[in-house]
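entry-v9.cif, holding mmCIF, C-alpha atoms and all ligand atoms:
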data_work
#
loop_
_atom_site.label_atom_id
_atom_site.label_comp_id
_atom_site.auth_asym_id
_atom_site.auth_seq_id
_atom_site.Cartn_x
_atom_site.Cartn_y
_atom_site.Cartn_z
CA MET A 1 8.87 44.75 28.44
CA ALA A 2 5.59 43.40 27.14
CA LEU A 3 2.43 42.41 28.93
CA VAL A 4 1.43 38.79 28.26
CA ALA A 5 -1.91 37.30 29.21
CA LEU A 6 -1.21 33.74 30.30
CA GLY A 7 -4.39 31.72 29.87
CA VAL A 8 -4.40 28.59 31.98
CA SER A 9 -7.01 25.95 31.26
CA GLY A 10 -7.93 22.82 33.15
CA GLY A 11 -5.34 20.18 32.46
CA ILE A 12 -2.84 18.47 34.71
CA GLY A 13 -0.12 20.55 33.04
CA ALA A 14 -1.62 23.66 34.67
CA TYR A 15 1.08 23.54 37.35
CA LYS A 16 3.73 23.91 34.63
CA ALA A 17 2.15 27.24 33.67
CA VAL A 18 3.68 28.60 36.87
CA GLU A 19 7.11 27.91 35.41
CA VAL A 20 6.03 29.50 32.12
CA ALA A 21 5.03 32.66 34.02
CA ARG A 22 8.42 32.71 35.74
CA GLY A 23 10.29 32.15 32.48
CA LEU A 24 8.47 35.05 30.83
CA GLN A 25 9.31 37.27 33.77
CA GLN A 26 12.95 36.24 33.61
CA ARG A 27 12.96 37.46 30.02
CA GLY A 28 11.64 40.79 31.19
CA HIS A 29 7.92 40.41 30.44
CA ASP A 30 4.99 41.22 32.65
CA VAL A 31 2.42 38.44 33.06
CA ALA A 32 -1.30 38.61 33.81
CA ALA A 33 -2.78 35.17 34.52
CA VAL A 34 -6.26 34.25 33.31
CA MET A 35 -7.63 30.97 34.66
CA THR A 36 -10.61 28.95 33.54
CA ALA A 37 -12.90 27.45 36.16
CA ASN A 38 -11.39 24.00 35.60
CA ALA A 39 -7.83 25.32 35.86
CA ARG A 40 -8.67 26.48 39.38
CA ARG A 41 -9.33 22.85 40.32
CA PHE A 42 -5.69 22.07 39.57
CA VAL A 43 -3.84 25.17 40.80
CA ALA A 44 -4.99 27.93 43.13
CA PRO A 45 -5.21 31.44 41.65
CA LEU A 46 -3.16 32.58 44.64
CA THR A 47 -0.10 30.83 43.19
CA PHE A 48 -0.31 32.94 40.04
CA GLU A 49 -1.19 36.06 41.97
CA ALA A 50 1.93 35.68 44.14
CA ILE A 51 4.17 35.09 41.15
CA THR A 52 2.73 37.66 38.76
CA ARG A 53 1.94 40.24 41.48
CA ARG A 54 -1.29 40.86 39.67
CA ARG A 55 -4.85 39.95 40.34
CA VAL A 56 -5.74 36.75 38.47
CA ALA A 57 -8.73 36.93 36.13
CA THR A 58 -10.92 33.95 36.82
CA ASP A 59 -14.61 34.72 36.40
CA GLN A 60 -15.92 37.40 34.09
CA PHE A 61 -18.90 37.90 36.36
CA ALA A 62 -16.99 37.94 39.66
CA PRO A 63 -18.04 40.89 41.79
CA GLY A 64 -15.59 43.71 41.36
CA ILE A 65 -13.92 42.35 38.25
CA ASN A 66 -15.59 44.83 35.92
CA ALA A 67 -14.71 47.70 38.18
CA ASP A 68 -11.08 46.76 38.02
CA ILE A 69 -9.62 48.89 35.28
CA ASP A 70 -6.68 46.51 34.84
CA HIS A 71 -8.98 43.77 33.76
CA ILE A 72 -11.13 45.84 31.49
CA ALA A 73 -7.96 47.09 29.85
CA LEU A 74 -6.37 43.67 29.53
CA ALA A 75 -7.65 42.98 26.02
CA SER A 76 -6.20 46.21 24.69
CA SER A 77 -2.98 46.26 26.68
CA ILE A 78 -1.57 42.77 26.09
CA GLU A 79 0.91 42.07 23.33
CA LEU A 80 0.38 38.32 23.38
CA LEU A 81 -2.26 35.89 24.53
CA LEU A 82 -0.59 32.62 25.48
CA VAL A 83 -2.71 29.66 26.49
CA ALA A 84 -0.72 26.95 28.31
CA PRO A 85 -2.00 24.36 28.81
CA ALA A 86 -4.68 24.61 26.13
CA THR A 87 -7.22 21.81 26.56
CA ALA A 88 -9.35 20.34 23.78
CA ASP A 89 -12.29 22.29 25.23
CA VAL A 90 -10.57 25.67 25.11
CA ILE A 91 -9.15 24.97 21.63
CA GLY A 92 -12.70 24.17 20.48
CA LYS A 93 -14.05 27.40 21.96
CA LEU A 94 -11.32 29.56 20.46
CA ALA A 95 -11.65 27.96 17.03
CA ASN A 96 -15.40 28.49 17.00
CA GLY A 97 -15.68 31.90 18.57
CA ILE A 98 -17.49 30.75 21.69
CA ALA A 99 -17.05 33.31 24.44
CA ASP A 100 -18.52 31.95 27.66
CA ASP A 101 -15.80 32.79 30.13
CA PHE A 102 -13.05 35.35 30.70
CA LEU A 103 -10.39 33.56 28.64
CA SER A 104 -12.52 32.81 25.59
CA SER A 105 -13.98 36.34 25.66
CA LEU A 106 -10.49 37.80 25.94
CA TYR A 107 -9.49 35.99 22.75
CA LEU A 108 -12.29 37.67 20.83
CA ALA A 109 -11.74 41.04 22.45
CA THR A 110 -8.01 41.33 21.87
CA THR A 111 -6.11 41.99 18.68
CA ALA A 112 -2.91 40.50 20.19
CA PRO A 113 -1.61 37.31 18.55
CA LEU A 114 -2.43 33.95 20.11
CA LEU A 115 0.04 31.22 21.02
CA LEU A 116 -1.28 27.85 22.10
CA ALA A 117 0.46 25.05 23.97
CA PRO A 118 -2.00 22.14 23.70
CA ALA A 119 -2.02 19.34 26.27
CA MET A 120 -4.41 16.41 26.32
CA ASN A 121 -4.78 12.66 25.97
CA THR A 122 -3.22 11.16 22.82
CA ASN A 123 -6.52 10.07 21.27
CA MET A 124 -8.11 13.45 21.98
CA LEU A 125 -5.20 15.18 20.26
CA SER A 126 -5.52 13.02 17.18
CA HIS A 127 -9.35 13.24 17.08
CA ALA A 128 -10.64 14.74 13.85
CA ALA A 129 -12.58 17.41 15.77
CA VAL A 130 -9.48 18.64 17.60
CA ARG A 131 -7.32 18.44 14.46
CA SER A 132 -9.83 20.48 12.53
CA ASN A 133 -10.06 23.09 15.32
CA LEU A 134 -6.26 23.36 15.38
CA ASP A 135 -6.22 23.68 11.57
CA THR A 136 -8.84 26.44 11.77
CA LEU A 137 -6.73 28.34 14.29
CA ALA A 138 -3.51 27.76 12.31
CA ALA A 139 -5.22 29.15 9.19
CA ARG A 140 -6.01 32.25 11.28
CA GLY A 141 -2.28 32.64 11.99
CA VAL A 142 -2.32 31.16 15.49
CA ARG A 143 1.02 29.63 16.53
CA VAL A 144 1.15 26.27 18.28
CA VAL A 145 3.94 24.90 20.46
CA GLU A 146 3.86 21.19 19.69
CA PRO A 147 2.96 18.94 22.61
CA GLY A 148 5.61 16.45 23.63
CA ASP A 149 5.60 12.72 24.14
CA GLY A 150 5.87 10.78 27.33
CA TYR A 151 3.87 9.53 30.25
CA LEU A 152 0.53 11.28 30.39
CA ALA A 153 -1.36 11.81 33.60
CA CYS A 154 -4.07 9.46 32.33
CA GLY A 155 -1.51 6.64 32.41
CA TRP A 156 -1.03 6.49 28.65
CA VAL A 157 2.31 6.85 27.00
CA GLY A 158 2.17 8.96 23.88
CA ARG A 159 1.80 12.37 22.40
CA GLY A 160 -0.12 15.08 24.21
CA ARG A 161 2.05 16.19 27.11
CA LEU A 162 2.40 19.94 27.51
CA ALA A 163 5.59 21.15 25.82
CA GLU A 164 8.43 21.97 28.19
CA PRO A 165 8.06 25.43 29.77
CA GLU A 166 11.34 26.61 28.22
CA ALA A 167 10.08 25.79 24.70
CA ILE A 168 6.82 27.67 25.40
CA VAL A 169 8.71 30.65 26.80
CA ALA A 170 11.12 30.67 23.82
CA ALA A 171 8.20 30.68 21.35
CA ALA A 172 6.37 33.44 23.26
CA ASP A 173 9.49 35.53 23.60
CA GLY A 174 10.20 35.17 19.89
CA MET A 175 6.70 36.38 19.00
CA LEU A 176 7.08 39.33 21.35
CA ARG A 177 10.39 40.33 19.84
CA GLY A 178 8.49 41.10 16.65
CA GLY A 179 7.33 38.70 14.02
CA GLY A 180 8.46 35.58 15.84
CA ALA A 181 11.69 33.99 16.99
CA TRP A 182 12.83 33.87 13.38
CA ALA A 183 12.25 37.48 12.41
CA GLY A 184 15.56 38.75 11.03
CA ARG A 185 16.98 35.24 11.26
CA SER A 186 17.87 32.75 8.58
CA ILE A 187 18.04 29.01 8.29
CA LEU A 188 19.66 26.74 5.74
CA VAL A 189 17.87 23.45 5.09
CA THR A 190 19.02 20.59 2.89
CA ALA A 191 16.61 18.08 1.43
CA GLY A 192 16.32 15.13 -0.89
CA PRO A 193 18.76 12.55 -2.16
CA THR A 194 21.98 13.17 -4.02
CA TYR A 195 22.71 11.50 -7.34
CA GLU A 196 26.23 10.35 -8.06
CA ASP A 197 26.54 10.04 -11.82
CA LEU A 198 28.25 6.99 -13.27
CA ASP A 199 27.85 7.94 -16.90
CA PRO A 200 25.39 10.00 -18.98
CA VAL A 201 22.52 7.57 -18.25
CA ARG A 202 23.15 6.07 -14.81
CA TYR A 203 23.58 7.27 -11.29
CA LEU A 204 23.81 6.01 -7.69
CA GLY A 205 20.94 7.44 -5.66
CA ASN A 206 18.77 6.69 -2.64
CA ARG A 207 15.09 6.59 -1.69
CA SER A 208 14.81 10.04 -0.14
CA THR A 209 11.90 12.07 -1.52
CA GLY A 210 12.87 15.36 0.15
CA ARG A 211 9.58 15.63 2.09
CA MET A 212 11.15 15.98 5.53
CA GLY A 213 13.50 18.78 4.49
CA TYR A 214 10.75 20.56 2.53
CA ALA A 215 8.50 20.37 5.62
CA VAL A 216 11.23 22.01 7.74
CA ALA A 217 11.73 24.71 5.09
CA GLU A 218 7.98 25.42 4.86
CA GLU A 219 7.53 25.61 8.60
CA ALA A 220 10.56 27.88 9.03
CA ALA A 221 9.23 30.18 6.31
CA ALA A 222 5.82 30.23 8.01
CA ARG A 223 7.59 31.32 11.21
CA GLY A 224 9.15 34.29 9.46
CA ALA A 225 12.67 33.01 8.80
CA ARG A 226 14.67 33.67 5.67
CA VAL A 227 14.96 30.13 4.32
CA LEU A 228 17.72 28.87 2.05
CA LEU A 229 16.89 25.40 0.75
CA VAL A 230 19.61 23.34 -0.91
CA SER A 231 17.75 20.53 -2.60
CA GLY A 232 18.87 17.36 -4.29
CA PRO A 233 16.69 16.05 -7.16
CA THR A 234 13.06 15.75 -5.99
CA ALA A 235 9.59 15.86 -7.52
CA LEU A 236 8.39 18.43 -4.96
CA GLU A 237 7.24 21.98 -5.66
CA PRO A 238 9.57 24.58 -4.15
CA PRO A 239 7.82 26.02 -1.07
CA ALA A 240 6.59 29.62 -1.44
CA GLY A 241 8.97 32.28 -0.19
CA VAL A 242 11.94 29.92 0.07
CA GLU A 243 15.22 30.50 -1.81
CA VAL A 244 16.01 27.20 -3.50
CA THR A 245 19.41 26.11 -4.81
CA ALA A 246 19.20 22.88 -6.81
CA VAL A 247 22.14 20.50 -6.61
CA ARG A 248 22.73 16.98 -7.83
CA SER A 249 25.76 15.33 -6.24
CA ALA A 250 27.16 15.21 -2.71
CA GLY A 251 30.12 17.28 -3.90
CA GLU A 252 27.80 20.01 -5.22
CA MET A 253 25.75 19.94 -2.04
CA HIS A 254 28.90 20.30 0.05
CA ALA A 255 30.12 23.31 -1.95
CA GLU A 256 26.74 25.10 -1.88
CA VAL A 257 26.02 24.42 1.80
CA VAL A 258 29.41 25.64 2.98
CA ARG A 259 29.21 28.72 0.78
CA LEU A 260 25.68 29.65 1.85
CA ALA A 261 26.05 28.75 5.53
CA PHE A 262 29.02 30.98 6.10
CA ASP A 263 28.51 33.68 3.42
CA ALA A 264 24.91 34.28 4.44
CA GLY A 265 25.79 33.85 8.13
CA VAL A 266 22.77 31.66 8.82
CA ASP A 267 21.53 31.11 12.36
CA ALA A 268 20.80 27.40 11.92
CA VAL A 269 21.42 24.55 9.50
CA VAL A 270 19.16 21.51 9.27
CA MET A 271 20.75 18.73 7.22
CA ALA A 272 17.74 16.64 6.25
CA ALA A 273 19.25 15.54 2.93
CA ALA A 274 20.25 11.93 2.45
CA VAL A 275 23.72 12.67 1.16
CA ALA A 276 25.55 9.87 -0.64
CA ASP A 277 28.51 8.60 1.36
CA TYR A 278 30.28 7.29 -1.75
CA THR A 279 30.72 8.43 -5.34
CA PRO A 280 32.39 6.71 -8.31
CA ALA A 281 36.14 7.10 -7.77
CA ALA A 282 36.84 7.98 -11.39
CA GLY A 283 34.03 10.53 -11.54
CA PRO A 284 31.24 10.32 -14.11
CA GLN A 285 32.29 8.68 -17.37
CA ALA A 286 31.83 10.85 -20.44
CA ALA A 287 30.51 7.90 -22.46
CA LYS A 288 27.98 5.28 -21.48
CA ILE A 289 29.58 2.28 -19.74
CA ARG A 290 29.16 -0.72 -22.07
CA LYS A 291 28.39 -4.13 -20.68
CA ALA A 292 30.92 -6.93 -20.92
CA ASP A 293 30.83 -10.59 -19.99
CA ALA A 294 32.85 -10.11 -16.81
CA ASP A 295 31.35 -8.62 -13.62
CA LEU A 296 31.75 -4.90 -13.25
CA VAL A 297 33.67 -3.71 -10.22
CA LEU A 298 33.06 -0.09 -9.47
CA PRO A 299 35.59 1.64 -7.21
CA LEU A 300 33.92 4.22 -4.97
CA ARG A 301 35.47 6.94 -2.89
CA ARG A 302 34.09 8.73 0.15
CA THR A 303 32.27 12.00 -0.33
CA PRO A 304 32.88 14.93 2.01
CA ASP A 305 30.71 14.75 5.14
CA VAL A 306 28.91 18.08 4.85
CA LEU A 307 27.56 18.14 8.39
CA ALA A 308 30.85 17.13 10.01
CA ASP A 309 32.60 19.80 7.97
CA LEU A 310 30.12 22.43 9.22
CA GLY A 311 30.66 21.22 12.81
CA ALA A 312 34.45 21.45 12.42
CA ARG A 313 34.28 24.91 10.82
CA ARG A 314 31.92 26.23 13.47
CA GLY A 315 34.05 24.84 16.30
CA ASP A 316 33.01 26.45 19.57
CA ALA A 317 31.33 29.46 17.95
CA PRO A 318 27.69 29.88 19.01
CA ALA A 319 26.27 29.92 15.48
CA PRO A 320 24.95 28.35 13.43
CA VAL A 321 22.88 25.84 15.42
CA LEU A 322 23.53 22.51 13.66
CA VAL A 323 20.94 19.76 13.29
CA GLY A 324 21.60 16.43 11.61
CA PHE A 325 19.44 13.45 10.76
CA ALA A 326 20.31 9.81 11.22
CA ALA A 327 18.49 7.18 9.25
CA GLU A 328 19.13 4.02 11.19
CA THR A 329 18.06 0.41 11.15
CA GLY A 330 18.03 -0.49 14.85
CA ASP A 331 20.09 0.96 17.72
CA ALA A 332 19.13 4.48 16.63
CA VAL A 333 19.80 6.31 19.91
CA GLU A 334 23.32 5.00 20.53
CA ARG A 335 24.36 5.72 16.97
CA ALA A 336 22.78 9.16 17.08
CA ARG A 337 24.71 9.95 20.27
CA ALA A 338 27.95 8.96 18.59
CA LYS A 339 27.08 11.16 15.60
CA LEU A 340 26.28 14.11 17.86
CA VAL A 341 29.80 14.00 19.28
CA ARG A 342 31.67 13.02 16.12
CA LYS A 343 30.07 15.67 13.93
CA ARG A 344 30.02 18.32 16.70
CA VAL A 345 26.36 19.16 16.18
CA ASP A 346 23.65 20.32 18.58
CA LEU A 347 20.82 17.95 17.77
CA VAL A 348 20.45 14.67 15.91
CA VAL A 349 17.02 13.58 14.72
CA ALA A 350 17.26 9.81 14.62
CA ASN A 351 14.73 7.62 12.94
CA ASP A 352 14.58 3.91 12.58
CA VAL A 353 13.61 3.66 8.92
CA THR A 354 12.39 0.09 9.43
CA GLU A 355 9.58 1.26 11.76
CA PRO A 356 6.11 1.58 10.20
CA GLY A 357 5.31 5.21 9.43
CA ALA A 358 8.95 6.34 9.48
CA GLY A 359 11.63 7.16 6.96
CA PHE A 360 11.53 7.55 3.22
CA ALA A 361 8.53 7.98 0.95
CA VAL A 362 5.88 8.10 3.70
CA GLU A 363 3.93 11.10 4.93
CA THR A 364 4.75 10.55 8.60
CA ASN A 365 7.87 10.13 10.67
CA VAL A 366 8.80 8.64 14.04
CA ALA A 367 11.92 10.07 15.60
CA THR A 368 14.11 10.39 18.64
CA LEU A 369 15.77 13.72 19.27
CA VAL A 370 19.22 13.34 20.75
CA SER A 371 21.11 16.32 22.13
CA ASP A 372 23.27 17.18 25.11
CA ALA A 373 19.97 17.90 26.90
CA GLY A 374 19.04 14.20 26.63
CA VAL A 375 16.90 11.90 24.56
CA GLU A 376 13.39 12.90 23.52
CA PRO A 377 11.09 10.44 21.75
CA VAL A 378 8.74 11.97 19.18
CA SER A 379 5.91 9.60 18.28
CA ARG A 380 4.51 9.08 14.78
CA ARG A 381 3.21 12.30 13.28
CA SER A 382 3.22 14.20 10.02
CA LYS A 383 6.58 15.43 8.77
CA ARG A 384 5.28 19.00 9.16
CA ASP A 385 4.50 18.36 12.84
CA LEU A 386 7.96 16.86 13.37
CA ALA A 387 9.39 19.94 11.64
CA ARG A 388 7.56 22.08 14.26
CA VAL A 389 9.18 20.15 17.10
CA ILE A 390 12.64 20.52 15.53
CA LEU A 391 12.16 24.27 15.04
CA ASP A 392 10.82 24.66 18.60
CA ARG A 393 14.03 23.06 19.89
CA ILE A 394 16.21 25.28 17.68
CA GLU A 395 14.32 28.33 18.99
CA VAL A 396 15.25 27.39 22.56
CA ARG A 397 18.93 27.35 21.54
CA LEU A 398 18.67 30.60 19.59
CA GLY A 399 17.03 32.26 22.61
CA SER A 400 19.65 31.13 25.09
CA ARG A 401 22.44 32.15 22.73
CA SER A 402 21.10 35.64 22.20
CA GLU A 403 20.85 36.02 25.98
CA THR A 404 24.46 35.11 26.52
CA ALA A 405 25.67 37.10 23.50
N1 LIG A 501 25.52 13.88 5.90
C1 LIG A 501 26.31 14.85 5.34
N2 LIG A 501 27.26 14.52 4.41
C2 LIG A 501 27.43 13.23 4.03
C3 LIG A 501 26.62 12.24 4.61
C4 LIG A 501 25.67 12.60 5.54
O1 LIG A 501 26.17 16.01 5.69
N3 LIG A 501 28.34 12.94 3.12
C5 LIG A 501 24.53 14.28 6.91
C6 LIG A 501 23.11 13.96 6.55
O2 LIG A 501 22.47 15.04 5.90
C7 LIG A 501 22.50 13.69 7.90
C8 LIG A 501 23.62 13.06 8.67
O3 LIG A 501 24.82 13.56 8.07
O4 LIG A 501 22.11 14.88 8.56
C9 LIG A 501 23.60 11.58 8.57
O5 LIG A 501 24.78 11.08 9.06
P1 LIG A 501 25.50 9.80 8.46
O6 LIG A 501 26.71 9.60 9.28
O7 LIG A 501 25.66 9.86 7.02
O8 LIG A 501 24.47 8.76 8.79
P2 LIG A 501 23.95 7.59 8.01
O9 LIG A 501 24.40 7.62 6.60
O10 LIG A 501 22.48 7.63 8.25
O11 LIG A 501 24.58 6.40 8.81
P3 LIG A 501 26.02 5.70 8.76
O12 LIG A 501 26.88 6.49 9.71
O13 LIG A 501 25.70 4.37 9.30
O14 LIG A 501 26.49 5.73 7.36
#
Once more with this new file: its structure as structure tokens, please.
Ligand code: CTP
Amino acid sequence: MALVALGVSGGIGAYKAVEVARGLQQRGHDVAAVMTANARRFVAPLTFEAITRRRVATDQFAPGINADIDHIALASSIELLLVAPATADVIGKLANGIADDFLSSLYLATTAPLLLAPAMNTNMLSHAAVRSNLDTLAARGVRVVEPGDGYLACGWVGRGRLAEPEAIVAAADGMLRGGGAWAGRSILVTAGPTYEDLDPVRYLGNRSTGRMGYAVAEEAAARGARVLLVSGPTALEPPAGVEVTAVRSAGEMHAEVVRLAFDAGVDAVVMAAAVADYTPAAGPQAAKIRKADADLVLPLRRTPDVLADLGARRGDAPAPVLVGFAAETGDAVERARAKLVRKRVDLVVANDVTEPGAGFAVETNVATLVSDAGVEPVSRRSKRDLARVILDRIEVRLGSRSETA
């Protein structure tokens, strides 16, 4: 059992921090709540006191607080400082070393790792000042649970809503179990297009650049996972610390993915590759196909569906967690739902590749996550940020599986 300091700052999501405290307790952790002055406008300290059965740290100059050994010892006795919700103001203070209240002073005084769950208005979240503060903290090794999308208290619809309490708890629990939710765990990621050779000079390919899969691989490696990346032909640099297997065709990708997924006993598979559905029926010709006057008709045969094969092989076993992508042109959610069932996977990341800022050869992506838990829109963001959301969701599944195991 670890002691977690739960920092609560002044956002409407402050009430959800109560559920975070409960979730941490259910996983066997002890929670000490620390509230900023603004947080106390949203939720009464008494709520946290009743739930945590500990005095809530509110004001560093409150009479009695410095005589209370528990509070003086907090900085040295916690194993994690979790701030949920983390407002733009608190993020700014933590990034810049400002220590003008109990929470911001605690951050400087403790050597425990920091986990942030930001929550704010969409424009605030995308403001250059907030982005640069978050980058500063990330460079210092601070973990962030990505905010979700939806209706914000300010009436806007967009990104900035506090992540769901279960995702925050899963991330915190993972960090407490040593080195993060991925310590001792492995993930297989596929990326890029496949090339189906017609002859020594021609192939059938697609527009995938591999960026989405590489972003997932990089983020998983940053979280401490062993990462196996099976990559089709791309121009990207292999991410540091990732074990890369280069493949060319759908057939090769199928063979490598099945071998690695089950031999290495990975905990999750993310199929971000755009795998060709068809390959020349006669296989690649040894000699270059010469042109003739007549039209060329090229018989194609279906390639193995790698993801569906993984789903069938896994059956009802708890591992690996399977995530597929669906590049759609309209009607993305319905098709993704059908894929979820047909391929027997846990999560489908659907994107409408016709939307601006989504799909191939752009830096950002717009997606809808479809799982048996429901449909979750993820607004336009960098592929790395989308990778964070996907990994956060996988962590929730890994956590619940290890509990039931
Ligand atoms: N996939 C796969 N093996 C294939 C084709 C696709 O593993 N031979 C995986 C992709 O990596 C992706 C998901 O399946 O995770 C995409 O599903 P797919 O049914 O191929 O979707 P689309 O090709 O996008 O759509 P459609 O069903 O309309 O062909």
Handout entry: At most 6 Å from ligand LIG 501 (chain A) (only C-alpha atoms and all ligand atoms): residue list as a ChimeraX atom specification
Key = /A:271-277,303-307,324-328
Per residue of range 112-185 of chain A within 12 Å of range 382-388 of chain A, note the shortest atom pair and the distance in Å to one decimal, counting only C-alpha atoms, and order the rows by chain and increasing residue number, as CSV.
residue,atom,partner,partner_atom,distance
A:Ser126,CA,A:Ser382,CA,11.4
A:Arg131,CA,A:Asp385,CA,11.9
A:Arg143,CA,A:Arg388,CA,10.2
A:Val144,CA,A:Arg388,CA,8.6
A:Val145,CA,A:Arg388,CA,7.7
A:Glu146,CA,A:Arg388,CA,6.6
A:Pro147,CA,A:Asp385,CA,9.9
A:Gly148,CA,A:Leu386,CA,10.5
A:Asp149,CA,A:Leu386,CA,11.8
A:Arg159,CA,A:Asp385,CA,11.6
A:Ala163,CA,A:Arg388,CA,11.8
A:Ala167,CA,A:Arg388,CA,11.4
A:Ala171,CA,A:Arg388,CA,11.2
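Between CA of Val375 in chain A and CA of Val18 in chain A there is a distance of 24.6 Å.
Nearest to His127 in chain A of all the residues A:Ala319, A:Gly97, A:Glu376, A:Ala88 is A:Ala88, based on all atoms listed in the file.
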Exercise for the section: Please indicate the distance in Å from CA of Arg226 in chain A to CA of Asp346 in chain A, rounded to one decimal place. Expected result: 20.6 Å
